[in-house]
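Everything below belongs to model.csv, which stores CSV, C-alpha atoms.
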chain,number,residue,atom,x,y,z
A,1,ARG,CA,67.3,113.6,113.2
A,2,LYS,CA,68.2,117.3,113.1
A,3,SER,CA,65.2,118.2,115.2
A,4,VAL,CA,65.8,115.5,117.8
A,5,SER,CA,69.5,116.3,118.0
A,6,ALA,CA,68.7,120.0,118.6
A,7,GLY,CA,66.2,119.1,121.3
A,8,LEU,CA,68.8,116.8,122.9
A,9,ASP,CA,71.5,119.5,122.9
A,10,LYS,CA,69.1,121.9,124.6
A,11,LEU,CA,68.3,119.3,127.3
A,12,LEU,CA,72.0,118.5,127.9
A,13,LEU,CA,72.6,122.3,128.4
A,14,LYS,CA,69.6,122.5,130.7
A,15,LYS,CA,71.0,119.5,132.7
A,16,GLN,CA,74.4,121.2,133.1
A,17,ARG,CA,72.8,124.5,134.3
A,18,LEU,CA,70.5,122.6,136.7
A,19,SER,CA,73.5,120.6,138.1
A,20,GLU,CA,75.4,123.9,138.6
A,21,ASP,CA,72.4,125.5,140.3
A,22,LEU,CA,71.9,122.4,142.5
A,23,LEU,CA,75.6,122.4,143.6
A,24,LYS,CA,75.3,126.1,144.6
A,25,ALA,CA,72.1,125.4,146.5
A,26,GLU,CA,73.6,122.4,148.3
A,27,ASN,CA,76.6,124.6,149.4
A,28,SER,CA,74.3,126.9,151.3
A,29,GLU,CA,75.3,125.9,154.8
A,30,ASP,CA,77.4,129.1,155.1
A,31,TYR,CA,74.2,131.2,155.0
A,32,ARG,CA,72.8,129.3,158.0
A,33,LEU,CA,76.1,129.6,159.9
A,34,TYR,CA,76.4,133.4,159.1
A,35,GLY,CA,72.8,133.9,160.4
A,36,GLU,CA,73.5,132.0,163.6
A,37,LEU,CA,76.8,133.7,164.4
A,38,LEU,CA,75.4,137.2,163.7
A,39,THR,CA,72.4,136.5,165.9
A,40,ALA,CA,74.7,135.4,168.7
A,41,SER,CA,77.0,138.5,168.3
A,42,LEU,CA,74.4,141.3,167.8
A,43,HIS,CA,75.8,143.2,170.8
A,44,THR,CA,79.3,143.3,169.3
A,45,VAL,CA,78.5,144.1,165.6
A,46,GLN,CA,78.2,147.8,164.6
A,47,ASP,CA,75.6,148.8,162.0
A,48,GLY,CA,76.7,150.4,158.7
A,49,ARG,CA,79.7,148.1,158.3
A,50,ASN,CA,80.5,146.0,155.2
A,51,SER,CA,81.7,143.1,157.3
A,52,ALA,CA,81.9,141.8,160.9
A,53,GLU,CA,84.5,139.8,162.9
A,54,VAL,CA,82.6,137.3,165.0
A,55,LEU,CA,83.5,134.2,167.0
A,56,ASN,CA,82.7,130.9,165.3
A,57,TYR,CA,81.7,129.0,168.4
A,58,TYR,CA,81.8,125.7,166.4
A,59,THR,CA,85.6,126.1,165.8
A,60,GLY,CA,86.6,128.6,168.4
A,61,GLU,CA,88.2,130.8,165.8
A,62,MET,CA,87.2,134.3,164.5
A,63,MET,CA,85.3,134.6,161.3
A,64,THR,CA,84.7,137.4,158.9
A,65,ILE,CA,81.1,137.7,157.7
A,66,PRO,CA,80.1,139.9,154.7
A,67,LEU,CA,77.4,142.4,155.5
A,68,ASP,CA,75.1,144.8,153.6
A,69,ALA,CA,76.0,148.2,155.1
A,70,ARG,CA,72.4,149.4,154.4
A,71,TYR,CA,71.0,147.1,157.0
A,72,SER,CA,71.4,146.4,160.7
A,73,ALA,CA,73.2,143.3,162.0
A,74,ALA,CA,69.9,141.8,162.9
A,75,LYS,CA,68.5,142.5,159.4
A,76,ASN,CA,71.6,141.0,157.9
A,77,ALA,CA,71.1,137.8,160.0
A,78,GLN,CA,67.5,137.6,158.8
A,79,ARG,CA,68.6,138.0,155.2
A,80,TYR,CA,71.1,135.1,155.6
A,81,PHE,CA,68.4,132.9,157.1
A,82,LYS,CA,66.1,133.7,154.2
A,83,LYS,CA,68.8,132.9,151.7
A,84,TYR,CA,69.4,129.6,153.5
A,85,SER,CA,65.7,128.7,153.4
A,86,LYS,CA,65.4,129.7,149.8
A,87,ALA,CA,68.4,127.5,148.9
A,88,LYS,CA,66.9,124.5,150.7
A,89,THR,CA,63.7,124.9,148.7
A,90,ALA,CA,65.8,125.2,145.5
A,91,VAL,CA,67.5,121.9,146.3
A,92,VAL,CA,64.2,120.1,146.2
A,93,GLU,CA,63.0,121.9,143.1
A,94,LYS,CA,66.2,121.5,141.2
A,95,LYS,CA,66.4,117.8,142.0
A,96,ILE,CA,62.9,117.3,140.6
A,97,GLN,CA,63.7,119.3,137.5
A,98,LEU,CA,66.9,117.4,137.0
A,99,LYS,CA,65.2,114.1,137.2
A,100,GLU,CA,62.6,115.1,134.7
A,101,THR,CA,65.3,116.5,132.4
A,102,GLU,CA,67.3,113.3,132.6
A,103,LYS,CA,64.1,111.3,131.6
A,104,GLU,CA,63.6,113.6,128.6
A,105,ILE,CA,67.3,113.1,127.6
A,106,ASP,CA,67.0,109.3,127.9
A,107,TYR,CA,63.8,109.4,125.7
A,108,LEU,CA,65.4,111.5,122.9
A,109,ASP,CA,68.5,109.4,123.1
A,110,SER,CA,66.4,106.3,122.5
A,111,VAL,CA,64.6,108.0,119.6
A,112,LEU,CA,68.0,108.9,118.0
A,113,THR,CA,68.9,105.2,118.3
A,114,PHE,CA,65.7,104.1,116.5
A,115,ILE,CA,66.3,106.7,113.8
A,116,ASP,CA,69.8,105.5,113.2
A,117,ASN,CA,68.6,101.8,113.1
A,118,ALA,CA,65.6,102.4,110.9
A,119,GLU,CA,65.5,100.2,107.9
A,120,LYS,CA,62.5,101.6,106.0
A,121,VAL,CA,60.8,104.9,105.4
A,122,THR,CA,57.8,103.6,107.2
A,123,ASP,CA,60.0,103.1,110.3
A,124,LEU,CA,60.8,106.8,110.2
A,125,ASP,CA,57.1,107.7,109.6
A,126,ASP,CA,56.2,105.8,112.8
A,127,ILE,CA,58.9,107.5,114.8
A,128,ARG,CA,57.8,110.9,113.5
A,129,GLU,CA,54.2,110.2,114.5
A,130,GLU,CA,55.4,109.2,118.0
A,131,LEU,CA,57.3,112.5,118.3
A,132,VAL,CA,54.3,114.5,117.2
A,133,GLU,CA,52.1,112.8,119.8
A,134,ASN,CA,54.7,113.6,122.5
A,135,GLY,CA,54.9,117.2,121.4
A,136,VAL,CA,58.5,117.0,120.2
A,137,LEU,CA,57.6,117.8,116.6
A,138,ARG,CA,54.6,119.6,114.9
A,139,ARG,CA,52.5,118.1,112.2
A,140,ARG,CA,53.7,119.1,108.8
A,141,ASN,CA,50.3,120.7,108.1
A,142,LEU,CA,46.9,121.1,109.9
A,143,LYS,CA,45.2,118.8,107.4
A,144,GLU,CA,47.5,115.9,108.3
A,145,LYS,CA,45.5,113.4,110.3
A,146,GLN,CA,46.9,111.2,113.1
A,147,LYS,CA,47.8,107.8,111.6
A,148,LYS,CA,46.5,104.7,113.2
A,149,HIS,CA,49.5,102.8,114.4
A,150,LYS,CA,49.7,99.2,113.4
A,151,ILE,CA,52.3,97.2,115.3
A,152,GLN,CA,54.8,95.6,112.9
A,153,PRO,CA,57.7,94.3,115.0
A,154,ILE,CA,60.7,92.8,113.2
A,155,GLU,CA,60.2,89.0,113.2
A,156,TYR,CA,62.9,86.3,113.3
A,157,PHE,CA,62.8,82.5,113.6
A,158,THR,CA,65.6,80.4,115.1
A,159,SER,CA,66.8,77.1,113.5
A,160,THR,CA,64.5,75.3,116.0
A,161,GLY,CA,61.5,77.4,114.9
A,162,LYS,CA,61.4,79.7,117.9
A,163,ARG,CA,59.8,83.1,117.1
A,164,ILE,CA,61.5,86.3,118.2
A,165,LEU,CA,60.0,89.8,117.9
A,166,VAL,CA,61.9,93.1,117.9
A,167,GLY,CA,60.4,96.5,118.5
A,168,ARG,CA,61.2,99.3,116.1
A,169,ASN,CA,60.5,102.3,118.3
A,170,ASN,CA,59.5,103.3,121.8
A,171,ARG,CA,55.8,103.0,121.2
A,172,GLU,CA,56.2,99.6,119.6
A,173,ASN,CA,58.4,98.5,122.5
A,174,ASP,CA,55.6,99.3,124.9
A,175,ILE,CA,53.0,97.5,122.9
A,176,LEU,CA,55.2,94.5,122.3
A,177,THR,CA,56.2,94.1,125.9
A,178,PHE,CA,53.0,95.0,127.7
A,179,LYS,CA,50.3,94.0,125.3
A,180,THR,CA,51.6,91.4,122.9
A,181,ALA,CA,54.0,89.3,125.1
A,182,SER,CA,52.6,86.7,127.5
A,183,SER,CA,53.9,86.2,131.0
A,184,ARG,CA,56.0,83.2,130.0
A,185,ASP,CA,57.7,84.9,127.1
A,186,ILE,CA,61.3,86.0,127.6
A,187,TRP,CA,62.0,89.8,127.5
A,188,MET,CA,65.5,91.1,126.5
A,189,HIS,CA,67.0,94.6,126.5
A,190,THR,CA,70.5,96.1,126.4
A,191,LYS,CA,71.6,97.0,130.0
A,192,ASP,CA,71.4,100.8,130.5
A,193,ILE,CA,71.6,101.4,126.7
A,194,PRO,CA,68.8,102.7,124.5
A,195,GLY,CA,67.4,100.0,122.1
A,196,SER,CA,64.7,97.7,121.1
A,197,HIS,CA,62.8,95.3,123.3
A,198,VAL,CA,63.2,91.7,122.2
A,199,ILE,CA,60.6,89.1,122.9
A,200,ILE,CA,61.2,85.4,122.7
A,201,ARG,CA,57.8,83.8,122.2
A,202,ASN,CA,57.7,80.9,124.8
A,203,HIS,CA,54.1,81.0,126.1
A,204,GLN,CA,53.2,77.6,124.7
A,205,GLU,CA,56.2,75.8,126.2
A,206,GLN,CA,57.3,75.2,129.8
A,207,ARG,CA,60.8,73.9,129.1
A,208,GLN,CA,63.8,76.2,129.4
A,209,LEU,CA,65.2,77.8,126.3
A,210,THR,CA,68.5,76.6,124.9
A,211,GLN,CA,71.6,78.7,125.2
A,212,GLU,CA,71.7,79.0,121.4
A,213,VAL,CA,68.3,80.7,121.3
A,214,LEU,CA,69.2,83.0,124.2
A,215,ASP,CA,72.4,84.0,122.5
A,216,PHE,CA,70.7,84.6,119.2
A,217,ALA,CA,68.1,86.9,120.8
A,218,ALA,CA,70.8,88.7,122.8
A,219,HIS,CA,72.7,89.4,119.6
A,220,LEU,CA,69.5,90.9,118.2
A,221,ALA,CA,69.0,93.1,121.3
A,222,ALA,CA,72.6,94.3,120.9
A,223,TYR,CA,72.3,94.9,117.2
A,224,PHE,CA,69.1,96.9,117.5
A,225,SER,CA,70.6,99.2,120.2
A,226,LYS,CA,72.7,102.3,120.4
A,227,SER,CA,75.7,100.0,120.8
A,228,ARG,CA,75.2,98.2,117.5
A,229,TYR,CA,78.9,98.5,116.6
A,230,SER,CA,80.4,97.8,120.0
A,231,ALA,CA,82.5,94.7,120.5
A,232,LEU,CA,80.8,93.8,123.8
A,233,VAL,CA,77.2,94.7,124.8
A,234,PRO,CA,75.6,93.7,128.1
A,235,VAL,CA,72.0,92.4,127.8
A,236,ASP,CA,69.4,91.9,130.5
A,237,TYR,CA,66.8,89.2,130.2
A,238,THR,CA,64.0,87.8,132.3
A,239,LEU,CA,60.5,86.4,132.1
A,240,LYS,CA,58.1,89.1,130.8
A,241,ARG,CA,56.0,88.7,134.0
A,242,TYR,CA,58.8,90.4,135.9
A,243,VAL,CA,58.9,93.5,133.7
A,244,HIS,CA,57.1,96.6,134.9
A,245,LYS,CA,57.0,100.0,133.4
A,246,PRO,CA,58.4,102.7,135.8
Could you render the structure from this file as structure tokens?
Amino acid sequence: RKSVSAGLDKLLLKKQRLSEDLLKAENSEDYRLYGELLTASLHTVQDGRNSAEVLNYYTGEMMTIPLDARYSAAKNAQRYFKKYSKAKTAVVEKKIQLKETEKEIDYLDSVLTFIDNAEKVTDLDDIREELVENGVLRRRNLKEKQKKHKIQPIEYFTSTGKRILVGRNNRENDILTFKTASSRDIWMHTKDIPGSHVIIRNHQEQRQLTQEVLDFAAHLAAYFSKSRYSALVPVDYTLKRYVHKP
């Protein structure tokens, strides 16, 4: 938990810095405007000055543009256009980096949820193995071999005998939803909240599930989520055939 929390803190700091850099890059229109106005006023701007008073033909008012006294007005204009171009490229790059960082944050947030909800030492062992495979943790020693994962979802039965399966970690969620469940099974997951995938086995029956079964499974989805102790937890559900991994 300490390792995952430390990794999450680093990612949250990275997200904050990327967001600040993105905001700066998006507010780069002044560079383009300075470049345009300087280019249009080259005949009136003297070289060797720290600033220039030029007409902003968009507003009809005079504007003060900072200059680097070492360069000519034309060179200053080129430098502003270059800054603007660089900022536009940075916007694209920062957005990509921000999206990847948010995905990593969501992943570690979900791992913390599974750590907190673990009921056995073997649950933690499986989570650790997942983190090793994903490069978040190192193996304890070089001789430690990769363990063959055996899916062991938590199993429940309703009063009517309906079987419900609950994933214990991210890897088990994937296997449970995309390999174990059939297209007619019901898939449940807390809405926008890290937690377990819940599968209501329904592949042998065509009739609709009762509200009692749906409520019971929804309670399981809420319990095995980050919002375990919340008073009200929204849960999405649909036929498994409509679930696709992004």
Could you give me, as CSV, a per-residue list for segment 79-186 of chain A showing, wherever an atom lies at most 9 Å from an atom of segment 221-228 of chain A, the closest pair of atoms and their distance in Å to one decimal, using only C-alpha atoms and sorting by chain then residue number from low to high?
residue,atom,partner,partner_atom,distance
A:Asp109,CA,A:Lys226,CA,8.7
A:Ser110,CA,A:Lys226,CA,7.8
A:Leu112,CA,A:Lys226,CA,8.5
A:Thr113,CA,A:Lys226,CA,5.2
A:Phe114,CA,A:Ser225,CA,7.9
A:Asp116,CA,A:Lys226,CA,8.4
A:Asn117,CA,A:Phe224,CA,6.6
A:Val166,CA,A:Ala221,CA,7.9
A:Gly167,CA,A:Phe224,CA,8.8
A:Arg168,CA,A:Phe224,CA,8.4
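Going from atom CA of Ser72 of chain A over to atom CA of Asp47 of chain A, you cover 5.0 Å.
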Which one of A:Gln78, A:Asp236, A:Ala40, A:Asp30 sits closest to Lys191 of chain A if you count all atoms listed in the file?
A:Asp236
Contact residues around segment 82-97 of chain A with all atoms listed in the file at 12 Å, ignoring same-chain residues under 4 positions, as a ChimeraX atom specification
/A:11,14-36,75-78,101-104
If I take atom CA of Ile151 of chain A and atom CA of Arg171 of chain A, how far is one from the other in Å, to one decimal?
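Rounded to one decimal, the two atoms are 9.0 Å apart.
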Closest of A:Ile186, A:Leu176, A:Ile115, A:Leu239 to Glu155 of chain A - atom-to-atom distances counting only C-alpha atoms:
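Answer, going by the shortest atom-to-atom distance: A:Leu176.
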Nearest to Glu130 of chain A among A:Asp68, A:Glu172, A:Glu61, A:Glu53, with distances taken over all atoms listed in the file: which residue is it?
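Comparing A:Asp68, A:Glu172, A:Glu61, A:Glu53 against Glu130 of chain A, the winner is A:Glu172.
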Quick one: pull the distance between atom CA of Ala69 of chain A and atom CA of Gly48 of chain A, Å, one decimal.
4.3 Å
